file start20.pdb (PDB, C-alpha atoms and all ligand atoms)
ATOM      1  CA  MET W 803       0.000   0.000   0.000
ATOM      2  CA  PRO W 804       1.370   3.491  -0.795
ATOM      3  CA  GLN W 805       2.419   5.442   2.264
ATOM      4  CA  THR W 806       0.517   8.671   2.867
ATOM      5  CA  GLN W 807       2.470  11.368   4.596
ATOM      6  CA  THR W 808       0.776  13.831   6.899
ATOM      7  CA  ALA W 809       2.476  17.183   6.966
ATOM      8  CA  ARG W 810       3.315  18.960  10.196
ATOM      9  CA  LEU W 811       1.414  22.226  10.555
ATOM     10  CA  MET W 812       3.334  25.478  10.864
ATOM     11  CA  ASP W 813       1.552  27.305  13.648
ATOM     12  CA  GLY W 814       1.536  30.967  12.633
ATOM     13  CA  THR W 815      -0.932  31.863  15.371
ATOM     14  CA  GLY W 816       1.340  30.519  18.108
ATOM     15  CA  LEU W 817       4.520  32.030  16.638
ATOM     16  CA  ALA W 818       2.806  35.393  16.129
ATOM     17  CA  ARG W 819       1.687  35.313  19.776
ATOM     18  CA  GLN W 820       5.285  34.756  20.901
ATOM     19  CA  ILE W 821       6.518  37.630  18.718
ATOM     20  CA  VAL W 822       3.808  39.949  20.048
ATOM     21  CA  GLU W 823       4.653  38.981  23.647
ATOM     22  CA  THR W 824       8.314  39.836  23.133
ATOM     23  CA  THR W 825       7.320  43.030  21.321
ATOM     24  CA  SER W 826       4.982  44.071  24.153
ATOM     25  CA  ALA W 827       7.725  43.485  26.707
ATOM     26  CA  THR W 828      10.106  45.668  24.677
ATOM     27  CA  ALA W 829       7.430  48.369  24.316
ATOM     28  CA  ALA W 830       6.926  48.347  28.116
ATOM     29  CA  ASP W 831      10.683  48.636  28.617
ATOM     30  CA  ILE W 832      10.855  51.600  26.224
ATOM     31  CA  LEU W 833       8.052  53.324  28.179
ATOM     32  CA  ARG W 834       9.843  52.692  31.463
ATOM     33  CA  ARG W 835      13.152  54.042  30.171
ATOM     34  CA  THR W 836      11.948  57.036  28.158
ATOM     35  CA  GLY W 837       8.399  57.838  29.293
ATOM     36  CA  GLN W 838       7.355  57.372  25.646
ATOM     37  CA  ARG W 839       5.355  54.615  24.083
ATOM     38  CA  PRO W 840       6.388  53.408  20.628
ATOM     39  CA  CYS W 841       3.906  54.987  18.226
ATOM     40  CA  LEU W 842       2.536  53.762  14.905
ATOM     41  CA  ALA W 843       0.692  56.293  12.754
ATOM     42  CA  THR W 844      -1.901  54.824  10.408
ATOM     43  CA  VAL W 845      -3.037  56.860   7.414
ATOM     44  CA  LEU W 846      -6.292  55.962   5.707
ATOM     45  CA  VAL W 847      -7.609  57.679   2.610
ATOM     46  CA  GLY W 848     -11.358  57.312   2.075
ATOM     47  CA  GLU W 849     -13.665  54.748   3.626
ATOM     48  CA  ASP W 850     -13.157  51.527   1.679
ATOM     49  CA  PRO W 851     -14.776  48.975   4.042
ATOM     50  CA  ALA W 852     -11.977  46.395   3.800
ATOM     51  CA  SER W 853      -9.339  49.081   4.444
ATOM     52  CA  VAL W 854     -11.320  50.462   7.400
ATOM     53  CA  THR W 855     -11.456  46.966   8.890
ATOM     54  CA  TYR W 856      -7.729  46.292   8.318
ATOM     55  CA  VAL W 857      -6.728  49.592   9.918
ATOM     56  CA  ARG W 858      -9.075  49.086  12.866
ATOM     57  CA  MET W 859      -7.591  45.635  13.440
ATOM     58  CA  LYS W 860      -4.015  46.907  13.249
ATOM     59  CA  ARG W 861      -4.789  49.767  15.666
ATOM     60  CA  ALA W 862      -6.436  47.431  18.179
ATOM     61  CA  ARG W 863      -3.448  45.084  18.040
ATOM     62  CA  CYS W 864      -1.088  48.027  18.609
ATOM     63  CA  GLU W 865      -2.955  49.200  21.681
ATOM     64  CA  LYS W 866      -3.034  45.665  23.080
ATOM     65  CA  ALA W 867       0.735  45.408  22.658
ATOM     66  CA  GLY W 868       1.406  48.744  24.401
ATOM     67  CA  ILE W 869       2.083  50.605  21.151
ATOM     68  CA  GLU W 870       0.394  53.980  20.742
ATOM     69  CA  SER W 871      -1.815  54.132  17.681
ATOM     70  CA  ARG W 872      -2.251  57.519  16.046
ATOM     71  CA  HIS W 873      -4.786  57.561  13.282
ATOM     72  CA  VAL W 874      -5.053  60.030  10.424
ATOM     73  CA  ALA W 875      -8.302  59.676   8.450
ATOM     74  CA  LEU W 876      -8.329  61.621   5.203
ATOM     75  CA  PRO W 877     -11.161  62.191   2.742
ATOM     76  CA  ALA W 878     -11.173  60.201  -0.505
ATOM     77  CA  SER W 879     -11.011  63.531  -2.350
ATOM     78  CA  ILE W 880      -7.552  64.403  -0.998
ATOM     79  CA  GLY W 881      -4.883  65.059  -3.653
ATOM     80  CA  THR W 882      -1.332  63.711  -3.896
ATOM     81  CA  GLU W 883       0.268  66.947  -2.703
ATOM     82  CA  GLU W 884      -1.792  67.152   0.472
ATOM     83  CA  LEU W 885      -1.313  63.445   1.235
ATOM     84  CA  VAL W 886       2.444  63.736   0.719
ATOM     85  CA  ALA W 887       2.499  66.796   3.022
ATOM     86  CA  THR W 888       0.596  64.886   5.742
ATOM     87  CA  ILE W 889       2.961  61.907   5.556
ATOM     88  CA  THR W 890       6.019  64.180   5.476
ATOM     89  CA  GLY W 891       4.701  65.782   8.680
ATOM     90  CA  LEU W 892       4.501  62.365  10.344
ATOM     91  CA  SER W 893       7.999  61.512   9.051
ATOM     92  CA  GLN W 894       9.306  64.642  10.811
ATOM     93  CA  ASP W 895       7.328  64.162  14.041
ATOM     94  CA  PRO W 896       9.683  62.734  16.709
ATOM     95  CA  THR W 897       6.770  61.221  18.642
ATOM     96  CA  VAL W 898       5.831  58.994  15.684
ATOM     97  CA  HIS W 899       8.131  55.981  15.167
ATOM     98  CA  GLY W 900       6.369  54.032  12.422
ATOM     99  CA  ILE W 901       4.048  55.000   9.566
ATOM    100  CA  LEU W 902       1.583  52.797   7.738
ATOM    101  CA  LEU W 903      -0.231  54.130   4.695
ATOM    102  CA  GLN W 904      -3.156  51.805   4.015
ATOM    103  CA  HIS W 905      -3.315  50.645   0.388
ATOM    104  CA  PRO W 906      -5.183  51.421  -1.893
ATOM    105  CA  VAL W 907      -5.283  55.206  -1.751
ATOM    106  CA  GLY W 908      -7.445  55.828  -4.805
ATOM    107  CA  PRO W 909      -6.659  55.985  -8.517
ATOM    108  CA  HIS W 910      -6.262  59.777  -8.652
ATOM    109  CA  ILE W 911      -3.360  59.707  -6.200
ATOM    110  CA  ASP W 912       0.274  59.032  -7.051
ATOM    111  CA  GLU W 913       0.628  56.180  -4.586
ATOM    112  CA  ARG W 914       4.381  55.839  -5.087
ATOM    113  CA  ALA W 915       4.908  59.513  -4.226
ATOM    114  CA  ALA W 916       2.843  59.009  -1.064
ATOM    115  CA  PHE W 917       4.823  55.932  -0.013
ATOM    116  CA  GLU W 918       8.119  57.694  -0.702
ATOM    117  CA  ALA W 919       7.136  60.445   1.780
ATOM    118  CA  ILE W 920       7.594  57.876   4.551
ATOM    119  CA  ALA W 921      11.046  58.298   6.134
ATOM    120  CA  PRO W 922      12.964  54.990   5.724
ATOM    121  CA  ALA W 923      13.572  54.897   9.495
ATOM    122  CA  LYS W 924       9.783  54.828   9.987
ATOM    123  CA  ASP W 925       8.906  52.538   7.071
ATOM    124  CA  VAL W 926       7.757  49.670   9.290
ATOM    125  CA  ASP W 927       5.529  48.280   6.527
ATOM    126  CA  GLY W 928       8.508  48.052   4.143
ATOM    127  CA  VAL W 929       6.896  49.908   1.251
ATOM    128  CA  THR W 930       9.513  52.462   0.216
ATOM    129  CA  MET W 931      12.074  52.092  -2.551
ATOM    130  CA  HIS W 932      14.767  52.522   0.105
ATOM    131  CA  SER W 933      13.488  49.537   2.097
ATOM    132  CA  PHE W 934      13.111  47.418  -1.030
ATOM    133  CA  ALA W 935      16.641  48.233  -2.198
ATOM    134  CA  ALA W 936      18.090  47.564   1.270
ATOM    135  CA  MET W 937      16.414  44.150   1.191
ATOM    136  CA  GLY W 938      17.851  43.499  -2.280
ATOM    137  CA  PHE W 939      21.354  44.417  -1.118
ATOM    138  CA  GLY W 940      20.940  42.356   2.057
ATOM    139  CA  LEU W 941      21.379  45.479   4.177
ATOM    140  CA  PRO W 942      19.503  46.265   7.405
ATOM    141  CA  GLY W 943      16.067  47.790   6.930
ATOM    142  CA  PHE W 944      12.401  47.031   7.294
ATOM    143  CA  VAL W 945      10.927  44.311   5.108
ATOM    144  CA  SER W 946       7.433  43.998   3.742
ATOM    145  CA  CYS W 947       5.520  42.409   6.627
ATOM    146  CA  THR W 948       4.045  39.293   4.991
ATOM    147  CA  PRO W 949       7.329  38.096   3.413
ATOM    148  CA  GLY W 950       9.043  38.985   6.697
ATOM    149  CA  GLY W 951       6.503  36.781   8.478
ATOM    150  CA  ILE W 952       7.109  33.940   6.034
ATOM    151  CA  MET W 953      10.859  34.027   6.720
ATOM    152  CA  ARG W 954      10.265  34.001  10.471
ATOM    153  CA  LEU W 955       7.991  30.972  10.094
ATOM    154  CA  LEU W 956      10.609  29.117   8.018
ATOM    155  CA  ASP W 957      13.249  29.904  10.639
ATOM    156  CA  ALA W 958      11.010  28.893  13.542
ATOM    157  CA  TYR W 959      10.629  25.462  11.940
ATOM    158  CA  ASP W 960      14.365  25.201  11.154
ATOM    159  CA  VAL W 961      13.820  24.943   7.409
ATOM    160  CA  ASP W 962      17.251  24.812   5.782
ATOM    161  CA  LEU W 963      17.032  26.967   2.656
ATOM    162  CA  THR W 964      20.589  26.640   1.355
ATOM    163  CA  GLY W 965      20.617  25.127  -2.116
ATOM    164  CA  LYS W 966      16.902  24.376  -1.961
ATOM    165  CA  HIS W 967      14.710  25.097  -4.945
ATOM    166  CA  ALA W 968      12.162  27.678  -3.788
ATOM    167  CA  VAL W 969       9.276  28.338  -6.145
ATOM    168  CA  VAL W 970       7.298  31.513  -5.544
ATOM    169  CA  VAL W 971       3.943  31.676  -7.307
ATOM    170  CA  GLY W 972       3.055  35.373  -7.502
ATOM    171  CA  ARG W 973       5.250  38.433  -7.976
ATOM    172  CA  SER W 974       3.441  41.331  -6.336
ATOM    173  CA  ALA W 975       5.644  44.084  -4.923
ATOM    174  CA  ILE W 976       4.431  43.495  -1.356
ATOM    175  CA  LEU W 977       4.466  39.711  -1.289
ATOM    176  CA  GLY W 978       5.757  37.426  -4.045
ATOM    177  CA  LYS W 979       8.676  39.516  -5.267
ATOM    178  CA  PRO W 980      10.155  40.339  -1.845
ATOM    179  CA  ALA W 981       9.538  36.771  -0.614
ATOM    180  CA  GLY W 982      11.685  35.467  -3.498
ATOM    181  CA  MET W 983      14.394  38.037  -2.822
ATOM    182  CA  LEU W 984      14.545  37.123   0.862
ATOM    183  CA  LEU W 985      14.795  33.425  -0.035
ATOM    184  CA  LEU W 986      17.552  34.213  -2.534
ATOM    185  CA  GLY W 987      19.356  36.136   0.209
ATOM    186  CA  ARG W 988      19.296  32.918   2.219
ATOM    187  CA  ASP W 989      20.910  30.913  -0.577
ATOM    188  CA  ALA W 990      17.824  29.229  -1.963
ATOM    189  CA  THR W 991      17.626  28.815  -5.746
ATOM    190  CA  VAL W 992      14.534  30.799  -6.593
ATOM    191  CA  THR W 993      12.058  30.516  -9.454
ATOM    192  CA  TYR W 994       9.180  32.978  -9.779
ATOM    193  CA  CYS W 995       5.923  31.986 -11.449
ATOM    194  CA  HIS W 996       3.219  34.436 -12.509
ATOM    195  CA  SER W 997       0.238  34.710 -14.796
ATOM    196  CA  ARG W 998       2.398  34.463 -17.934
ATOM    197  CA  THR W 999       4.458  31.487 -16.781
ATOM    198  CA  ALA W1000       4.443  28.592 -19.230
ATOM    199  CA  ASP W1001       3.889  25.137 -17.748
ATOM    200  CA  LEU W1002       3.564  26.374 -14.187
ATOM    201  CA  THR W1003       2.661  22.910 -12.902
ATOM    202  CA  SER W1004       5.972  21.353 -13.927
ATOM    203  CA  ILE W1005       7.834  24.134 -12.093
ATOM    204  CA  VAL W1006       5.699  23.832  -8.961
ATOM    205  CA  ARG W1007       6.442  20.086  -8.959
ATOM    206  CA  GLN W1008      10.169  20.838  -8.540
ATOM    207  CA  ALA W1009       9.724  22.993  -5.452
ATOM    208  CA  ASP W1010      11.464  21.990  -2.236
ATOM    209  CA  VAL W1011       9.928  25.140  -0.752
ATOM    210  CA  LEU W1012       6.725  26.422  -2.294
ATOM    211  CA  ILE W1013       5.364  29.897  -1.603
ATOM    212  CA  ALA W1014       1.828  30.384  -2.892
ATOM    213  CA  ALA W1015       0.952  34.065  -3.256
ATOM    214  CA  VAL W1016      -1.584  34.129  -6.059
ATOM    215  CA  GLY W1017      -4.965  35.065  -4.610
ATOM    216  CA  LYS W1018      -6.877  32.200  -6.238
ATOM    217  CA  PRO W1019      -8.636  29.633  -4.057
ATOM    218  CA  ARG W1020      -7.039  26.157  -4.090
ATOM    219  CA  PHE W1021      -4.999  27.116  -7.157
ATOM    220  CA  ILE W1022      -2.276  24.566  -6.341
ATOM    221  CA  SER W1023      -3.291  20.967  -6.015
ATOM    222  CA  GLY W1024      -1.640  18.529  -3.624
ATOM    223  CA  ALA W1025      -0.878  16.244  -6.578
ATOM    224  CA  ASP W1026       1.562  18.900  -7.855
ATOM    225  CA  ILE W1027       3.499  19.186  -4.611
ATOM    226  CA  LYS W1028       6.837  17.396  -4.432
ATOM    227  CA  PRO W1029       6.734  14.808  -1.647
ATOM    228  CA  GLY W1030       8.388  16.297   1.452
ATOM    229  CA  ALA W1031       8.149  19.908   0.263
ATOM    230  CA  VAL W1032       7.655  22.812   2.653
ATOM    231  CA  VAL W1033       4.473  24.627   1.639
ATOM    232  CA  ILE W1034       3.771  28.214   2.642
ATOM    233  CA  ASP W1035       0.300  29.334   1.648
ATOM    234  CA  ALA W1036       0.094  33.125   1.809
ATOM    235  CA  GLY W1037      -3.204  33.217  -0.059
ATOM    236  CA  TYR W1038      -6.297  34.363   1.710
ATOM    237  CA  ASN W1039      -9.467  34.019  -0.311
ATOM    238  CA  ALA W1040     -13.176  34.247   0.341
ATOM    239  CA  GLY W1041     -14.390  31.490   2.650
ATOM    240  CA  ASN W1042     -11.082  31.336   4.579
ATOM    241  CA  VAL W1043      -9.450  29.351   1.801
ATOM    242  CA  GLY W1044      -5.809  29.532   0.763
ATOM    243  CA  ASP W1045      -4.143  29.249  -2.641
ATOM    244  CA  VAL W1046      -3.205  25.626  -1.966
ATOM    245  CA  ASP W1047      -5.679  22.764  -1.752
ATOM    246  CA  PHE W1048      -4.926  22.056   1.889
ATOM    247  CA  ASP W1049      -6.352  18.535   2.254
ATOM    248  CA  SER W1050      -4.498  17.046  -0.701
ATOM    249  CA  ALA W1051      -1.321  19.018   0.090
ATOM    250  CA  LEU W1052      -1.306  17.623   3.621
ATOM    251  CA  GLU W1053      -0.553  14.183   2.189
ATOM    252  CA  ARG W1054       2.509  15.329   0.237
ATOM    253  CA  ALA W1055       4.181  18.159   2.158
ATOM    254  CA  SER W1056       6.459  17.754   5.173
ATOM    255  CA  LEU W1057       5.479  21.144   6.607
ATOM    256  CA  ILE W1058       2.528  23.322   5.650
ATOM    257  CA  THR W1059       0.881  26.526   6.841
ATOM    258  CA  PRO W1060      -2.863  26.275   7.493
ATOM    259  CA  VAL W1061      -5.281  28.950   6.281
ATOM    260  CA  PRO W1062      -6.268  30.644   8.491
ATOM    261  CA  GLY W1063      -3.662  30.490  11.239
ATOM    262  CA  GLY W1064      -0.489  30.306   9.144
ATOM    263  CA  VAL W1065       0.906  33.329   7.347
ATOM    264  CA  GLY W1066      -1.984  35.685   8.200
ATOM    265  CA  PRO W1067      -1.268  36.274  11.909
ATOM    266  CA  MET W1068       2.436  36.712  11.168
ATOM    267  CA  THR W1069       1.872  39.837   9.079
ATOM    268  CA  ILE W1070       0.558  41.978  11.934
ATOM    269  CA  ALA W1071       3.076  40.484  14.364
ATOM    270  CA  VAL W1072       5.927  41.619  12.084
ATOM    271  CA  LEU W1073       4.355  45.080  11.744
ATOM    272  CA  LEU W1074       4.268  45.458  15.548
ATOM    273  CA  ALA W1075       7.793  44.074  15.956
ATOM    274  CA  GLN W1076       9.177  46.435  13.300
ATOM    275  CA  THR W1077       7.402  49.408  14.934
ATOM    276  CA  VAL W1078       9.035  48.659  18.265
ATOM    277  CA  ASP W1079      12.414  48.155  16.516
ATOM    278  CA  ALA W1080      11.970  51.548  14.841
ATOM    279  CA  ALA W1081      11.195  53.184  18.205
ATOM    280  CA  THR W1082      14.192  51.485  19.826
ATOM    281  CA  ARG W1083      16.519  52.944  17.180
ATOM    282  CA  GLN W1084      14.931  56.397  17.035
ATOM    283  CA  LEU W1085      15.049  56.732  20.827
ATOM    284  CA  GLY W1086      18.724  55.778  20.846
ATOM    285  CA  LEU W1087      18.175  52.590  22.840
ATOM    286  CA  GLY W1088      19.804  50.113  20.489
TER     287      GLY W1088
HETATM  288  P1  LIG J1101      -1.754  40.365  -6.331
HETATM  289  O1  LIG J1101      -1.104  41.690  -6.203
HETATM  290  O2  LIG J1101      -3.080  40.228  -6.992
HETATM  291  O3  LIG J1101      -0.717  39.387  -7.075
HETATM  292  C1  LIG J1101      -1.092  38.112  -7.459
HETATM  293  C2  LIG J1101       0.046  37.463  -8.184
HETATM  294  O4  LIG J1101      -0.409  36.179  -8.628
HETATM  295  C3  LIG J1101       0.499  38.227  -9.433
HETATM  296  O5  LIG J1101       1.893  38.267  -9.493
HETATM  297  C4  LIG J1101      -0.103  37.427 -10.579
HETATM  298  O6  LIG J1101       0.683  37.413 -11.743
HETATM  299  C5  LIG J1101      -0.137  36.040 -10.000
HETATM  300  N1  LIG J1101      -1.169  35.255 -10.669
HETATM  301  C6  LIG J1101      -2.465  35.583 -10.849
HETATM  302  N2  LIG J1101      -3.098  34.633 -11.546
HETATM  303  C7  LIG J1101      -2.171  33.698 -11.825
HETATM  304  C8  LIG J1101      -2.208  32.470 -12.541
HETATM  305  N3  LIG J1101      -3.314  32.017 -13.103
HETATM  306  N4  LIG J1101      -1.060  31.764 -12.616
HETATM  307  C9  LIG J1101       0.067  32.203 -12.053
HETATM  308  N5  LIG J1101       0.158  33.357 -11.364
HETATM  309  C10 LIG J1101      -0.950  34.087 -11.257
HETATM  310  O7  LIG J1101      -1.930  39.687  -4.907
HETATM  311  P2  LIG J1101      -1.072  39.822  -3.546
HETATM  312  O8  LIG J1101      -1.342  41.104  -2.892
HETATM  313  O9  LIG J1101       0.343  39.413  -3.798
HETATM  314  O10 LIG J1101      -1.789  38.686  -2.693
HETATM  315  C11 LIG J1101      -1.784  37.327  -3.066
HETATM  316  C12 LIG J1101      -2.596  36.528  -2.056
HETATM  317  O11 LIG J1101      -1.999  36.682  -0.773
HETATM  318  C13 LIG J1101      -4.041  36.994  -1.886
HETATM  319  O12 LIG J1101      -4.851  35.867  -1.586
HETATM  320  C14 LIG J1101      -4.002  37.904  -0.688
HETATM  321  O13 LIG J1101      -5.240  37.958   0.008
HETATM  322  C15 LIG J1101      -2.959  37.207   0.144
HETATM  323  N6  LIG J1101      -2.269  38.119   1.073
HETATM  324  C16 LIG J1101      -2.220  37.735   2.354
HETATM  325  C17 LIG J1101      -1.587  38.544   3.279
HETATM  326  C18 LIG J1101      -1.544  38.123   4.689
HETATM  327  O14 LIG J1101      -1.295  38.908   5.565
HETATM  328  N7  LIG J1101      -1.757  36.847   4.954
HETATM  329  C19 LIG J1101      -0.992  39.745   2.892
HETATM  330  C20 LIG J1101      -1.009  40.092   1.541
HETATM  331  C21 LIG J1101      -1.667  39.266   0.640
HETATM  332  P3  LIG J1101       0.954  38.727 -12.646
HETATM  333  O15 LIG J1101       1.975  39.520 -11.902
HETATM  334  O16 LIG J1101       1.458  38.181 -13.923
HETATM  335  O17 LIG J1101      -0.366  39.439 -12.768
END
call {"tool": "encode", "arguments": {"input": "start20.pdb", "output": "structure tokens"}}
result
Amino acid sequence: MPQTQTARLMDGTGLARQIVETTSATAADILRRTGQRPCLATVLVGEDPASVTYVRMKRARCEKAGIESRHVALPASIGTEELVATITGLSQDPTVHGILLQHPVGPHIDERAAFEAIAPAKDVDGVTMHSFAAMGFGLPGFVSCTPGGIMRLLDAYDVDLTGKHAVVVGRSAILGKPAGMLLLGRDATVTYCHSRTADLTSIVRQADVLIAAVGKPRFISGADIKPGAVVIDAGYNAGNVGDVDFDSALERASLITPVPGGVGPMTIAVLLAQTVDAATRQLGLG
């Protein structure tokens, strides 16, 4: 009878909790030593319901971790110049340590100009060209939170990346592309797949480490996963479903992230951790 493997789950919820606990302790220490709480400013343009919910969630998690949350709500009608001026003000405000501009900002705004108004030292969401280039050069800086969370998960489960073939399905600027660059920086051999990739399945089948970042429910079938592969499913689709068909993947992978409870909780944990790191540096504590 053929052996069926059952993958070990990578517990993003538990790891995120540990990161947030450490982050909260550091935030409390910063308050004790300086009288200041680390502060994350959130900037929201308009009232897109999903964005409102994301920002509310991030603010609540900040407060729970002892991080001050300062919110700037701007009307959807705001122009690029005014938005850039607001963010520049936050970049210059010594009581603000991290800045998060919620995406999307609206089609009439030059989003790149708005992101670039974030001082690199406060770019805790890793969205500026400076942060992206620092990541590419392997220099210190803040990384995009979801890829940062993926790397922390891989490390927490002692996944050896050296010489491994990592296949990243998806190449968005906030997820797929930086995830591949971080894996490359750790000596994996990286292949990117995207919507124009020819014979995607045969590439996915070669993956020792598979990162699914597509945004299509159950896009990758378990039958296409190399036996023993490490599977990171960053997808989050309607109905709490990932980009990988979890049940069939469970029989082939050695390690796999569940959806929900895998990559998702790590994203906010990394945002909080990077905010407290930013405060530590800006307050001259480390
Ligand atoms: P995105 O900007 O829409 O990018 C999707 C990527 O998938 C693109 O690079 C696209 O290729 C590729 N793609 C689309 N259809 C494809 C196909 N048929 N074959 C191969 N590649 C295909 O999405 P995203 O922001 O990176 O997010 C991806 C997923 O991750 C979503 O489910 C999202 O909800 C989830 N996500 C989760 C978190 C979290 O915190 N857990 C954070 C961010 C995103 P092209 O470049 O060629 O168009």
call {"tool": "residues_near_ligand", "arguments": {"input": "start20.pdb", "ligand": "ligand LIG 1101 (chain J)", "cutoff": "6 Å", "atoms": "only C-alpha atoms and all ligand atoms", "output": "PyMOL selection string"}}
result
chain W and resi 948+971-974+977-978+995-998+1015-1017+1036-1039+1065-1066+1069
call {"tool": "resolve_selection", "arguments": {"input": "start20.pdb", "expression": "the PyMOL selection byres (((chain W and resi 987) around 10) and not hetatm)", "output": "count of residues only"}}
result
17
call {"tool": "resolve_selection", "arguments": {"input": "start20.pdb", "expression": "the PyMOL selection byres (((chain W and resi 1072) around 12) and not hetatm)", "output": "JSON, numbers by chain"}}
result
{"W": [814, 817, 818, 819, 820, 821, 822, 823, 824, 825, 860, 863, 864, 926, 927, 928, 944, 945, 946, 947, 948, 949, 950, 951, 952, 953, 954, 955, 1065, 1066, 1067, 1068, 1069, 1070, 1071, 1073, 1074, 1075, 1076, 1077, 1078, 1079, 1080]}
call {"tool": "residues_around", "arguments": {"input": "start20.pdb", "residues": "Ile1027 of chain W", "least_positions_apart": "6", "cutoff": "7 Å", "atoms": "only C-alpha atoms", "output": "count of residues only"}}
result
5
call {"tool": "closest_residue", "arguments": {"input": "start20.pdb", "among": "W:Asp957, W:Asp813, W:Asp1049, W:Glu918", "to": "Phe934 of chain W", "atoms": "all atoms listed in the file"}}
result
W:Glu918
call {"tool": "closest_residue", "arguments": {"input": "start20.pdb", "among": "W:Arg839, W:Lys866, W:His910, W:Lys924", "to": "Arg1083 of chain W", "atoms": "all atoms listed in the file"}}
result
W:Lys924
call {"tool": "resolve_selection", "arguments": {"input": "start20.pdb", "expression": "the PyMOL selection byres (((chain W and resi 923) around 8) and not hetatm)", "output": "ChimeraX atom specification"}}
result
/W:899-900,921-922,924-926,943,1080,1084
call {"tool": "closest_residue", "arguments": {"input": "start20.pdb", "among": "W:Ile976, W:Ala867, W:Met812, W:Val845", "to": "Ala827 of chain W", "atoms": "all atoms listed in the file"}}
result
W:Ala867
call {"tool": "residues_around", "arguments": {"input": "start20.pdb", "residues": "Val907 of chain W", "least_positions_apart": "5", "cutoff": "12 Å", "atoms": "only C-alpha atoms", "output": "VMD selection string"}}
result
chain W and resid 845 to 850 853 to 854 875 to 882 885 to 886 902 912 to 917
call {"tool": "write_last_selection", "arguments": {"input": "start20.pdb", "atoms": "C-alpha atoms", "output": "short mmCIF file (atom, residue, chain, number, x, y, z; two decimals), keeping the file's coordinate frame"}}
result
data_model
loop_
_atom_site.label_atom_id
_atom_site.label_comp_id
_atom_site.auth_asym_id
_atom_site.auth_seq_id
_atom_site.Cartn_x
_atom_site.Cartn_y
_atom_site.Cartn_z
CA VAL W 845 -3.04 56.86 7.41
CA LEU W 846 -6.29 55.96 5.71
CA VAL W 847 -7.61 57.68 2.61
CA GLY W 848 -11.36 57.31 2.08
CA GLU W 849 -13.66 54.75 3.63
CA ASP W 850 -13.16 51.53 1.68
CA SER W 853 -9.34 49.08 4.44
CA VAL W 854 -11.32 50.46 7.40
CA ALA W 875 -8.30 59.68 8.45
CA LEU W 876 -8.33 61.62 5.20
CA PRO W 877 -11.16 62.19 2.74
CA ALA W 878 -11.17 60.20 -0.50
CA SER W 879 -11.01 63.53 -2.35
CA ILE W 880 -7.55 64.40 -1.00
CA GLY W 881 -4.88 65.06 -3.65
CA THR W 882 -1.33 63.71 -3.90
CA LEU W 885 -1.31 63.44 1.24
CA VAL W 886 2.44 63.74 0.72
CA LEU W 902 1.58 52.80 7.74
CA ASP W 912 0.27 59.03 -7.05
CA GLU W 913 0.63 56.18 -4.59
CA ARG W 914 4.38 55.84 -5.09
CA ALA W 915 4.91 59.51 -4.23
CA ALA W 916 2.84 59.01 -1.06
CA PHE W 917 4.82 55.93 -0.01
#
call {"tool": "atom_distance", "arguments": {"input": "start20.pdb", "atom1": "atom CA of Val1043 of chain W", "atom2": "atom CA of Glu865 of chain W"}}
result
28.8 Å
call {"tool": "closest_residue", "arguments": {"input": "start20.pdb", "among": "W:Leu842, W:Ile920, W:Ile869, W:Val857", "to": "Ala887 of chain W", "atoms": "all atoms listed in the file"}}
result
W:Ile920
call {"tool": "atom_distance", "arguments": {"input": "start20.pdb", "atom1": "atom CA of Gly816 of chain W", "atom2": "atom CA of Val1011 of chain W"}}
result
21.4 Å
call {"tool": "residues_near_point", "arguments": {"input": "start20.pdb", "point": "(8.2, 52.5, 25.2)", "cutoff": "10 Å", "atoms": "only C-alpha atoms", "output": "short mmCIF file (atom, residue, chain, number, x, y, z; two decimals) with C-alpha atoms, keeping the file's coordinate frame"}}
result
data_model
loop_
_atom_site.label_atom_id
_atom_site.label_comp_id
_atom_site.auth_asym_id
_atom_site.auth_seq_id
_atom_site.Cartn_x
_atom_site.Cartn_y
_atom_site.Cartn_z
CA SER W 826 4.98 44.07 24.15
CA ALA W 827 7.72 43.48 26.71
CA THR W 828 10.11 45.67 24.68
CA ALA W 829 7.43 48.37 24.32
CA ALA W 830 6.93 48.35 28.12
CA ASP W 831 10.68 48.64 28.62
CA ILE W 832 10.86 51.60 26.22
CA LEU W 833 8.05 53.32 28.18
CA ARG W 834 9.84 52.69 31.46
CA ARG W 835 13.15 54.04 30.17
CA THR W 836 11.95 57.04 28.16
CA GLY W 837 8.40 57.84 29.29
CA GLN W 838 7.36 57.37 25.65
CA ARG W 839 5.36 54.62 24.08
CA PRO W 840 6.39 53.41 20.63
CA CYS W 841 3.91 54.99 18.23
CA GLY W 868 1.41 48.74 24.40
CA ILE W 869 2.08 50.60 21.15
CA GLU W 870 0.39 53.98 20.74
CA VAL W 1078 9.04 48.66 18.26
CA ALA W 1081 11.20 53.18 18.20
CA THR W 1082 14.19 51.48 19.83
CA LEU W 1085 15.05 56.73 20.83
#
call {"tool": "atom_distance", "arguments": {"input": "start20.pdb", "atom1": "atom CA of Ala843 of chain W", "atom2": "atom CA of His873 of chain W"}}
result
5.6 Å
call {"tool": "axis_aligned_box", "arguments": {"input": "start20.pdb", "around": "segment 936-944 of chain W", "padding_each_side": "8 Å", "output": "AutoDock Vina command-line options"}}
result
--center_x 16.9 --center_y 45.1 --center_z 2.6 --size_x 25.0 --size_y 21.4 --size_z 25.7
call {"tool": "closest_residue", "arguments": {"input": "start20.pdb", "among": "W:Lys1028, W:Arg861, W:Lys979, W:Arg1020", "to": "Asn1042 of chain W", "atoms": "all atoms listed in the file"}}
result
W:Arg1020
call {"tool": "closest_residue", "arguments": {"input": "start20.pdb", "among": "W:Val1061, W:Ala919, W:Ala1000, W:Leu956", "to": "Glu883 of chain W", "atoms": "only C-alpha atoms"}}
result
W:Ala919
